[in-house]
>>> print(open('structure_9.pdb').read())   # PDB, C-alpha atoms and all ligand atoms
ATOM      1  CA  MET A  26       0.000   0.000   0.000
ATOM      2  CA  ASN A  27       0.985   3.600  -0.521
ATOM      3  CA  ILE A  28       0.686   5.630   2.647
ATOM      4  CA  VAL A  29       1.028   9.402   2.636
ATOM      5  CA  VAL A  30       1.926  11.189   5.894
ATOM      6  CA  GLY A  31       1.040  14.883   6.194
ATOM      7  CA  SER A  32       4.284  16.141   7.723
ATOM      8  CA  LYS A  33       8.005  16.251   7.056
ATOM      9  CA  ASN A  34       8.783  16.099  10.786
ATOM     10  CA  PRO A  35      11.160  13.099  11.098
ATOM     11  CA  THR A  36       9.549  11.911  14.362
ATOM     12  CA  LYS A  37       6.258  11.439  12.464
ATOM     13  CA  VAL A  38       7.644  10.014   9.207
ATOM     14  CA  GLU A  39       9.975   7.565  10.977
ATOM     15  CA  ALA A  40       7.145   6.479  13.298
ATOM     16  CA  ALA A  41       5.031   5.666  10.209
ATOM     17  CA  ARG A  42       7.911   3.659   8.699
ATOM     18  CA  ALA A  43       8.290   1.725  11.961
ATOM     19  CA  VAL A  44       4.592   0.806  12.165
ATOM     20  CA  PHE A  45       3.669   0.302   8.482
ATOM     21  CA  THR A  46       6.735  -1.820   7.734
ATOM     22  CA  SER A  47       5.493  -3.478   4.530
ATOM     23  CA  ASP A  48       4.108  -0.317   2.949
ATOM     24  CA  SER A  49       5.605   2.526   1.012
ATOM     25  CA  ILE A  50       5.645   5.803   2.956
ATOM     26  CA  ALA A  51       5.631   9.217   1.276
ATOM     27  CA  SER A  52       5.350  12.534   3.088
ATOM     28  CA  PHE A  53       4.497  16.156   2.403
ATOM     29  CA  ASP A  54       3.866  19.222   4.526
ATOM     30  CA  ALA A  55       0.071  19.224   4.734
ATOM     31  CA  PRO A  56      -1.305  22.326   6.476
ATOM     32  CA  SER A  57      -3.259  21.479   9.629
ATOM     33  CA  ASN A  58      -5.668  24.416   9.058
ATOM     34  CA  VAL A  59      -5.873  24.958  12.825
ATOM     35  CA  SER A  60      -3.655  27.283  14.885
ATOM     36  CA  SER A  61       0.060  26.489  14.844
ATOM     37  CA  GLN A  62      -0.298  25.730  18.562
ATOM     38  CA  PRO A  63      -3.624  23.963  19.162
ATOM     39  CA  ILE A  64      -4.821  24.379  22.755
ATOM     40  CA  THR A  65      -7.669  21.861  23.054
ATOM     41  CA  ASP A  66      -8.148  18.172  22.281
ATOM     42  CA  GLU A  67     -10.790  19.104  19.709
ATOM     43  CA  GLU A  68      -8.525  21.507  17.837
ATOM     44  CA  THR A  69      -5.547  19.135  17.891
ATOM     45  CA  ARG A  70      -7.666  16.233  16.608
ATOM     46  CA  GLU A  71      -9.151  18.459  13.904
ATOM     47  CA  GLY A  72      -5.632  19.370  12.758
ATOM     48  CA  ALA A  73      -4.743  15.673  12.456
ATOM     49  CA  ILE A  74      -7.916  14.951  10.463
ATOM     50  CA  ASN A  75      -7.358  17.929   8.130
ATOM     51  CA  ARG A  76      -3.846  16.718   7.384
ATOM     52  CA  ALA A  77      -4.925  13.104   6.842
ATOM     53  CA  LYS A  78      -7.734  14.106   4.447
ATOM     54  CA  GLN A  79      -5.349  16.064   2.235
ATOM     55  CA  CYS A  80      -2.992  13.072   2.164
ATOM     56  CA  ALA A  81      -5.784  10.621   1.288
ATOM     57  CA  SER A  82      -6.875  12.824  -1.614
ATOM     58  CA  ASN A  83      -3.468  12.377  -3.279
ATOM     59  CA  ASP A  84      -3.886  10.218  -6.435
ATOM     60  CA  GLU A  85      -1.133   7.824  -5.371
ATOM     61  CA  ALA A  86      -2.364   7.360  -1.782
ATOM     62  CA  ASP A  87      -4.213   4.307  -0.460
ATOM     63  CA  LEU A  88      -4.279   5.746   3.064
ATOM     64  CA  GLY A  89      -3.652   9.250   4.407
ATOM     65  CA  ILE A  90      -2.211   9.899   7.847
ATOM     66  CA  GLY A  91      -2.163  13.094   9.907
ATOM     67  CA  LEU A  92      -0.387  13.554  13.246
ATOM     68  CA  GLU A  93      -0.750  16.719  15.286
ATOM     69  CA  GLY A  94       0.669  17.874  18.587
ATOM     70  CA  GLY A  95      -1.093  20.236  20.937
ATOM     71  CA  VAL A  96      -1.885  21.018  24.533
ATOM     72  CA  MET A  97      -5.073  20.687  26.580
ATOM     73  CA  GLU A  98      -6.195  21.567  30.088
ATOM     74  CA  VAL A  99      -7.328  19.284  32.910
ATOM     75  CA  ASP A 100      -8.242  20.860  36.255
ATOM     76  CA  GLY A 101      -6.381  24.036  35.397
ATOM     77  CA  GLU A 102      -3.199  22.188  34.464
ATOM     78  CA  LEU A 103      -1.826  22.044  30.916
ATOM     79  CA  PHE A 104      -0.988  18.681  29.375
ATOM     80  CA  LEU A 105       0.793  17.781  26.182
ATOM     81  CA  CYS A 106      -1.629  15.976  23.855
ATOM     82  CA  ASN A 107      -1.189  14.395  20.461
ATOM     83  CA  TRP A 108      -3.736  13.118  17.974
ATOM     84  CA  GLY A 109      -3.508  10.964  14.891
ATOM     85  CA  ALA A 110      -5.977  10.383  12.057
ATOM     86  CA  LEU A 111      -6.068   7.746   9.340
ATOM     87  CA  VAL A 112      -8.303   8.478   6.336
ATOM     88  CA  THR A 113      -9.168   5.891   3.669
ATOM     89  CA  LYS A 114      -9.826   6.439  -0.043
ATOM     90  CA  ASP A 115     -13.565   6.136   0.632
ATOM     91  CA  GLU A 116     -13.211   8.873   3.298
ATOM     92  CA  LYS A 117     -13.584   6.745   6.423
ATOM     93  CA  ILE A 118     -11.858   8.454   9.346
ATOM     94  CA  TYR A 119     -10.174   6.711  12.295
ATOM     95  CA  THR A 120      -8.630   8.736  15.126
ATOM     96  CA  ALA A 121      -6.595   8.004  18.256
ATOM     97  CA  SER A 122      -4.749  10.063  20.826
ATOM     98  CA  GLY A 123      -1.350   9.666  22.397
ATOM     99  CA  ALA A 124       0.004   9.841  25.911
ATOM    100  CA  ARG A 125      -0.630  12.962  27.955
ATOM    101  CA  ILE A 126       1.915  14.451  30.294
ATOM    102  CA  ALA A 127       1.792  17.596  32.420
ATOM    103  CA  LEU A 128       3.755  20.600  31.154
ATOM    104  CA  PRO A 129       5.737  22.960  33.387
ATOM    105  CA  ARG A 130       3.289  25.433  34.977
ATOM    106  CA  GLU A 131       5.255  28.431  33.737
ATOM    107  CA  PHE A 132       4.385  27.516  30.111
ATOM    108  CA  ALA A 133       0.683  28.304  30.546
ATOM    109  CA  LYS A 134       0.806  32.067  29.991
ATOM    110  CA  GLU A 135       3.020  31.894  26.913
ATOM    111  CA  LEU A 136       1.097  29.023  25.322
ATOM    112  CA  HIS A 137      -2.176  30.889  25.810
ATOM    113  CA  SER A 138      -0.653  33.970  24.172
ATOM    114  CA  GLY A 139       0.146  31.929  21.064
ATOM    115  CA  LYS A 140       3.755  30.854  21.608
ATOM    116  CA  GLU A 141       4.578  27.388  20.252
ATOM    117  CA  LEU A 142       5.513  24.579  22.587
ATOM    118  CA  GLY A 143       8.444  23.609  20.352
ATOM    119  CA  SER A 144      10.305  26.880  20.936
ATOM    120  CA  LEU A 145       9.380  27.015  24.646
ATOM    121  CA  MET A 146      10.732  23.490  25.060
ATOM    122  CA  ASP A 147      14.028  24.362  23.324
ATOM    123  CA  GLY A 148      14.584  27.215  25.788
ATOM    124  CA  TYR A 149      13.517  25.132  28.776
ATOM    125  CA  ALA A 150      15.751  22.166  27.930
ATOM    126  CA  GLN A 151      18.598  24.267  26.529
ATOM    127  CA  ARG A 152      18.525  22.124  23.390
ATOM    128  CA  GLU A 153      17.708  22.831  19.735
ATOM    129  CA  GLY A 154      14.975  21.350  17.560
ATOM    130  CA  VAL A 155      13.339  19.377  20.381
ATOM    131  CA  SER A 156      10.093  18.973  18.399
ATOM    132  CA  LYS A 157      11.989  17.153  15.606
ATOM    133  CA  LYS A 158      13.955  14.973  18.016
ATOM    134  CA  GLU A 159      13.062  13.698  21.501
ATOM    135  CA  GLY A 160      10.059  16.029  21.833
ATOM    136  CA  ALA A 161       8.556  17.537  24.968
ATOM    137  CA  VAL A 162       7.611  14.039  26.031
ATOM    138  CA  GLY A 163      11.268  12.967  25.773
ATOM    139  CA  ILE A 164      12.487  15.895  27.872
ATOM    140  CA  LEU A 165       9.769  15.509  30.512
ATOM    141  CA  THR A 166      10.293  11.728  30.844
ATOM    142  CA  ASN A 167      14.056  12.103  31.134
ATOM    143  CA  ASP A 168      14.402  10.550  27.646
ATOM    144  CA  LEU A 169      12.440   7.395  28.538
ATOM    145  CA  VAL A 170       9.664   8.004  25.965
ATOM    146  CA  SER A 171      10.559   9.794  22.724
ATOM    147  CA  ARG A 172       8.201  11.778  20.490
ATOM    148  CA  GLN A 173       8.700   9.129  17.786
ATOM    149  CA  ALA A 174       7.836   6.286  20.199
ATOM    150  CA  MET A 175       4.716   8.178  21.272
ATOM    151  CA  PHE A 176       3.657   8.608  17.615
ATOM    152  CA  GLU A 177       4.387   4.909  16.955
ATOM    153  CA  HIS A 178       1.826   4.064  19.633
ATOM    154  CA  VAL A 179      -0.754   6.414  18.106
ATOM    155  CA  LEU A 180      -0.121   4.901  14.654
ATOM    156  CA  THR A 181      -0.452   1.371  16.032
ATOM    157  CA  LEU A 182      -3.841   2.362  17.490
ATOM    158  CA  LEU A 183      -4.860   3.686  14.059
ATOM    159  CA  LYS A 184      -3.607   0.640  12.169
ATOM    160  CA  GLY A 185      -5.350  -1.704  14.612
ATOM    161  CA  GLN A 186      -8.688   0.103  14.321
ATOM    162  CA  TRP A 187      -8.458   0.206  10.537
ATOM    163  CA  ARG A 188      -7.843  -3.576  10.499
ATOM    164  CA  PHE A 189     -10.656  -4.279  12.993
ATOM    165  CA  TRP A 190     -13.268  -2.343  11.020
ATOM    166  CA  ASN A 191     -12.137  -3.683   7.631
ATOM    167  CA  LYS A 192     -12.011  -7.440   8.401
TER     168      LYS A 192
HETATM  169  O1  LIG B 201       6.058  19.883  10.826
HETATM  170  P1  LIG B 201       4.922  19.569  11.737
HETATM  171  O2  LIG B 201       4.299  18.259  11.443
HETATM  172  O3  LIG B 201       3.912  20.679  11.830
HETATM  173  O4  LIG B 201       5.591  19.332  13.157
HETATM  174  P2  LIG B 201       5.553  20.197  14.499
HETATM  175  O5  LIG B 201       6.796  19.904  15.271
HETATM  176  O6  LIG B 201       5.204  21.633  14.218
HETATM  177  O7  LIG B 201       4.436  19.505  15.332
HETATM  178  P3  LIG B 201       2.879  19.810  15.434
HETATM  179  O8  LIG B 201       2.458  20.791  14.387
HETATM  180  O9  LIG B 201       2.209  18.498  15.482
HETATM  181  O10 LIG B 201       2.754  20.415  16.881
HETATM  182  C1  LIG B 201       2.129  21.659  17.143
HETATM  183  C2  LIG B 201       2.980  22.493  18.014
HETATM  184  O11 LIG B 201       3.241  21.838  19.234
HETATM  185  C3  LIG B 201       4.622  21.634  19.422
HETATM  186  N1  LIG B 201       4.794  20.304  19.971
HETATM  187  C4  LIG B 201       3.883  19.349  20.028
HETATM  188  N2  LIG B 201       4.362  18.265  20.607
HETATM  189  C5  LIG B 201       5.615  18.540  20.911
HETATM  190  C6  LIG B 201       6.636  17.845  21.524
HETATM  191  O12 LIG B 201       6.458  16.604  21.950
HETATM  192  N3  LIG B 201       7.803  18.437  21.665
HETATM  193  C7  LIG B 201       7.995  19.697  21.257
HETATM  194  N4  LIG B 201       7.071  20.420  20.684
HETATM  195  C8  LIG B 201       5.891  19.852  20.513
HETATM  196  C9  LIG B 201       5.243  21.794  18.049
HETATM  197  O13 LIG B 201       6.571  22.263  18.088
HETATM  198  C10 LIG B 201       4.349  22.821  17.423
HETATM  199  O14 LIG B 201       4.708  24.089  17.904
HETATM  200 MG    MG B 202       3.393  22.245  13.150
END
>>> encode(input="structure_9.pdb", output="C-alpha cells")
Amino acid sequence: MNIVVGSKNPTKVEAARAVFTSDSIASFDAPSNVSSQPITDEETREGAINRAKQCASNDEADLGIGLEGGVMEVDGELFLCNWGALVTKDEKIYTASGARIALPREFAKELHSGKELGSLMDGYAQREGVSKKEGAVGILTNDLVSRQAMFEHVLTLLKGQWRFWNK
C-alpha cells in the first residue's frame, strides 16, 4: 500500500515507517488548518484529520495519515496531547490520541498567548529542535519516551482500528 503522511517532521515520518513496515511511505507538509499551537483536544484532533484528508486525496495514496501535537487543560493544568488520524480512499476516518503528560506550569501564559511549545521546550531544555527529536515528552520523561515512540503508539492504534473495522 501507498501511505502518505502529512508532515516532514522526522519523528512522524519515521514512526510511520516503523509501524507500516510493509508499505511505502511518502510525506508532504500538509497544512493542519488549525492554529500552529492547538490548545484543546478538539482543535488538535481536527488538525490531524485535516492533514490526513489532504494526504488521502493524493492520487497515489491508499491511506492518508495526519499527526498533530497540541496542549489541553485538565483541572487548570496544561498537558501535552497528540492526535492521529487515518483516512481511507472512501473517506472513512479513524482517530486516536497519544500519551498525555503535564507541562511545566510556567508555560501556561506563553502558550495561551500563542507561543509554540516547540520553541518554549528548546529554551527550557537548553537544546535545539526538540520537536523534531526527543520532543517535549522525551524531555519531561528524562528521555524514557521519545516523540517518535509516542507517535508509533498512536499509529499502532490507528492501524489496529483500521484492520478491525475492515475485516
Ligand atoms: O512539521 P509539523 O508536522 O507541523 O511538526 P511540528 O513539530 O510543528 O508539530 P505539530 O504541528 O504536530 O505540533 C504543534 C505544536 O506543538 C509543538 N509540539 C507538540 N508536541 C511537541 C513535543 O512533543 N515536543 C515539542 N514540541 C511539541 C510543536 O513544536 C508545534 O509548535
Ligand atoms: Mg506544526
>>> residues_near_point(input="structure_9.pdb", point="(-4.2, 11.5, -2.5)", cutoff="12 Å", atoms="all atoms listed in the file", output="number ranges by chain")
A: 27-31, 51-53, 55, 76-90, 112-116
>>> closest_residue(input="structure_9.pdb", among="A:Cys106, A:Val170, A:Leu145, A:Leu92", to="ligand MG 202 (chain B)", atoms="only C-alpha atoms and all ligand atoms")
A:Leu92
>>> residues_around(input="structure_9.pdb", residues="Met146 in chain A", least_positions_apart="5", cutoff="9 Å", atoms="only C-alpha atoms", output="PyMOL selection string")
chain A and resi 141+151-156+160-161+164
>>> write_last_selection(input="structure_9.pdb", atoms="C-alpha atoms", output="PDB file, in the frame of the given file")
ATOM      1  CA  GLU A 141       4.578  27.388  20.252  1.00  0.00           C
ATOM      2  CA  GLN A 151      18.598  24.267  26.529  1.00  0.00           C
ATOM      3  CA  ARG A 152      18.525  22.124  23.390  1.00  0.00           C
ATOM      4  CA  GLU A 153      17.708  22.831  19.735  1.00  0.00           C
ATOM      5  CA  GLY A 154      14.975  21.350  17.560  1.00  0.00           C
ATOM      6  CA  VAL A 155      13.339  19.377  20.381  1.00  0.00           C
ATOM      7  CA  SER A 156      10.093  18.973  18.399  1.00  0.00           C
ATOM      8  CA  GLY A 160      10.059  16.029  21.833  1.00  0.00           C
ATOM      9  CA  ALA A 161       8.556  17.537  24.968  1.00  0.00           C
ATOM     10  CA  ILE A 164      12.487  15.895  27.872  1.00  0.00           C
TER      11      ILE A 164
END
>>> closest_atom_pairs(input="structure_9.pdb", of="chain A", to="ligand LIG 201 (chain B)", cutoff="9 Å", atoms="only C-alpha atoms and all ligand atoms", output="CSV")
residue,atom,partner,partner_atom,distance
A:Gly31,CA,B:LIG201,O2,7.0
A:Ser32,CA,B:LIG201,O2,4.3
A:Lys33,CA,B:LIG201,O1,5.6
A:Asn34,CA,B:LIG201,O1,4.7
A:Pro35,CA,B:LIG201,O1,8.5
A:Thr36,CA,B:LIG201,O4,8.5
A:Lys37,CA,B:LIG201,O2,7.2
A:Asp54,CA,B:LIG201,O1,6.7
A:Ala55,CA,B:LIG201,O2,8.0
A:Pro56,CA,B:LIG201,O3,7.7
A:Ser57,CA,B:LIG201,O8,7.5
A:Ser60,CA,B:LIG201,C1,8.4
A:Ser61,CA,B:LIG201,C1,5.7
A:Gln62,CA,B:LIG201,C2,4.6
A:Pro63,CA,B:LIG201,C1,6.5
A:Thr69,CA,B:LIG201,C1,8.1
A:Gly72,CA,B:LIG201,O9,8.3
A:Ala73,CA,B:LIG201,O9,8.1
A:Gly91,CA,B:LIG201,O2,8.4
A:Leu92,CA,B:LIG201,O9,6.0
A:Glu93,CA,B:LIG201,O9,3.5
A:Gly94,CA,B:LIG201,O9,3.5
A:Gly95,CA,B:LIG201,O11,4.9
A:Val96,CA,B:LIG201,O11,7.4
A:Leu105,CA,B:LIG201,N2,6.6
A:Cys106,CA,B:LIG201,N2,7.2
A:Asn107,CA,B:LIG201,N2,6.8
A:Trp108,CA,B:LIG201,O9,8.4
A:Lys140,CA,B:LIG201,O14,7.8
A:Glu141,CA,B:LIG201,O14,4.1
A:Leu142,CA,B:LIG201,C3,4.4
A:Gly143,CA,B:LIG201,O13,3.2
A:Ser144,CA,B:LIG201,O13,6.6
A:Leu145,CA,B:LIG201,N4,8.0
A:Met146,CA,B:LIG201,C7,6.0
A:Asp147,CA,B:LIG201,C7,7.9
A:Gly154,CA,B:LIG201,C7,8.1
A:Val155,CA,B:LIG201,C7,5.4
A:Ser156,CA,B:LIG201,C7,3.6
A:Lys157,CA,B:LIG201,O5,5.9
A:Lys158,CA,B:LIG201,N3,7.9
A:Glu159,CA,B:LIG201,N3,7.1
A:Gly160,CA,B:LIG201,N3,3.3
A:Ala161,CA,B:LIG201,N3,3.5
A:Val162,CA,B:LIG201,O12,5.0
A:Gly163,CA,B:LIG201,O12,7.1
A:Ile164,CA,B:LIG201,N3,8.2
A:Ser171,CA,B:LIG201,O12,8.0
A:Arg172,CA,B:LIG201,O12,5.3
A:Gln173,CA,B:LIG201,O12,8.8
A:Met175,CA,B:LIG201,O12,8.6
>>> write_last_selection(input="structure_9.pdb", atoms="C-alpha atoms", output="PDB file, in the coordinates of the input")
ATOM      1  CA  GLY A  31       1.040  14.883   6.194  1.00  0.00           C
ATOM      2  CA  SER A  32       4.284  16.141   7.723  1.00  0.00           C
ATOM      3  CA  LYS A  33       8.005  16.251   7.056  1.00  0.00           C
ATOM      4  CA  ASN A  34       8.783  16.099  10.786  1.00  0.00           C
ATOM      5  CA  PRO A  35      11.160  13.099  11.098  1.00  0.00           C
ATOM      6  CA  THR A  36       9.549  11.911  14.362  1.00  0.00           C
ATOM      7  CA  LYS A  37       6.258  11.439  12.464  1.00  0.00           C
ATOM      8  CA  ASP A  54       3.866  19.222   4.526  1.00  0.00           C
ATOM      9  CA  ALA A  55       0.071  19.224   4.734  1.00  0.00           C
ATOM     10  CA  PRO A  56      -1.305  22.326   6.476  1.00  0.00           C
ATOM     11  CA  SER A  57      -3.259  21.479   9.629  1.00  0.00           C
ATOM     12  CA  SER A  60      -3.655  27.283  14.885  1.00  0.00           C
ATOM     13  CA  SER A  61       0.060  26.489  14.844  1.00  0.00           C
ATOM     14  CA  GLN A  62      -0.298  25.730  18.562  1.00  0.00           C
ATOM     15  CA  PRO A  63      -3.624  23.963  19.162  1.00  0.00           C
ATOM     16  CA  THR A  69      -5.547  19.135  17.891  1.00  0.00           C
ATOM     17  CA  GLY A  72      -5.632  19.370  12.758  1.00  0.00           C
ATOM     18  CA  ALA A  73      -4.743  15.673  12.456  1.00  0.00           C
ATOM     19  CA  GLY A  91      -2.163  13.094   9.907  1.00  0.00           C
ATOM     20  CA  LEU A  92      -0.387  13.554  13.246  1.00  0.00           C
ATOM     21  CA  GLU A  93      -0.750  16.719  15.286  1.00  0.00           C
ATOM     22  CA  GLY A  94       0.669  17.874  18.587  1.00  0.00           C
ATOM     23  CA  GLY A  95      -1.093  20.236  20.937  1.00  0.00           C
ATOM     24  CA  VAL A  96      -1.885  21.018  24.533  1.00  0.00           C
ATOM     25  CA  LEU A 105       0.793  17.781  26.182  1.00  0.00           C
ATOM     26  CA  CYS A 106      -1.629  15.976  23.855  1.00  0.00           C
ATOM     27  CA  ASN A 107      -1.189  14.395  20.461  1.00  0.00           C
ATOM     28  CA  TRP A 108      -3.736  13.118  17.974  1.00  0.00           C
ATOM     29  CA  LYS A 140       3.755  30.854  21.608  1.00  0.00           C
ATOM     30  CA  GLU A 141       4.578  27.388  20.252  1.00  0.00           C
ATOM     31  CA  LEU A 142       5.513  24.579  22.587  1.00  0.00           C
ATOM     32  CA  GLY A 143       8.444  23.609  20.352  1.00  0.00           C
ATOM     33  CA  SER A 144      10.305  26.880  20.936  1.00  0.00           C
ATOM     34  CA  LEU A 145       9.380  27.015  24.646  1.00  0.00           C
ATOM     35  CA  MET A 146      10.732  23.490  25.060  1.00  0.00           C
ATOM     36  CA  ASP A 147      14.028  24.362  23.324  1.00  0.00           C
ATOM     37  CA  GLY A 154      14.975  21.350  17.560  1.00  0.00           C
ATOM     38  CA  VAL A 155      13.339  19.377  20.381  1.00  0.00           C
ATOM     39  CA  SER A 156      10.093  18.973  18.399  1.00  0.00           C
ATOM     40  CA  LYS A 157      11.989  17.153  15.606  1.00  0.00           C
ATOM     41  CA  LYS A 158      13.955  14.973  18.016  1.00  0.00           C
ATOM     42  CA  GLU A 159      13.062  13.698  21.501  1.00  0.00           C
ATOM     43  CA  GLY A 160      10.059  16.029  21.833  1.00  0.00           C
ATOM     44  CA  ALA A 161       8.556  17.537  24.968  1.00  0.00           C
ATOM     45  CA  VAL A 162       7.611  14.039  26.031  1.00  0.00           C
ATOM     46  CA  GLY A 163      11.268  12.967  25.773  1.00  0.00           C
ATOM     47  CA  ILE A 164      12.487  15.895  27.872  1.00  0.00           C
ATOM     48  CA  SER A 171      10.559   9.794  22.724  1.00  0.00           C
ATOM     49  CA  ARG A 172       8.201  11.778  20.490  1.00  0.00           C
ATOM     50  CA  GLN A 173       8.700   9.129  17.786  1.00  0.00           C
ATOM     51  CA  MET A 175       4.716   8.178  21.272  1.00  0.00           C
TER      52      MET A 175
END
>>> closest_residue(input="structure_9.pdb", among="A:Ala150, A:Leu169, A:Leu136, A:Val59", to="ligand MG 202 (chain B)", atoms="all atoms listed in the file")
A:Val59
>>> resolve_selection(input="structure_9.pdb", expression="the PyMOL selection byres (((chain A and resi 186) around 12) and not hetatm)", output="ChimeraX atom specification")
/A:110-112,117-121,179-185,187-192
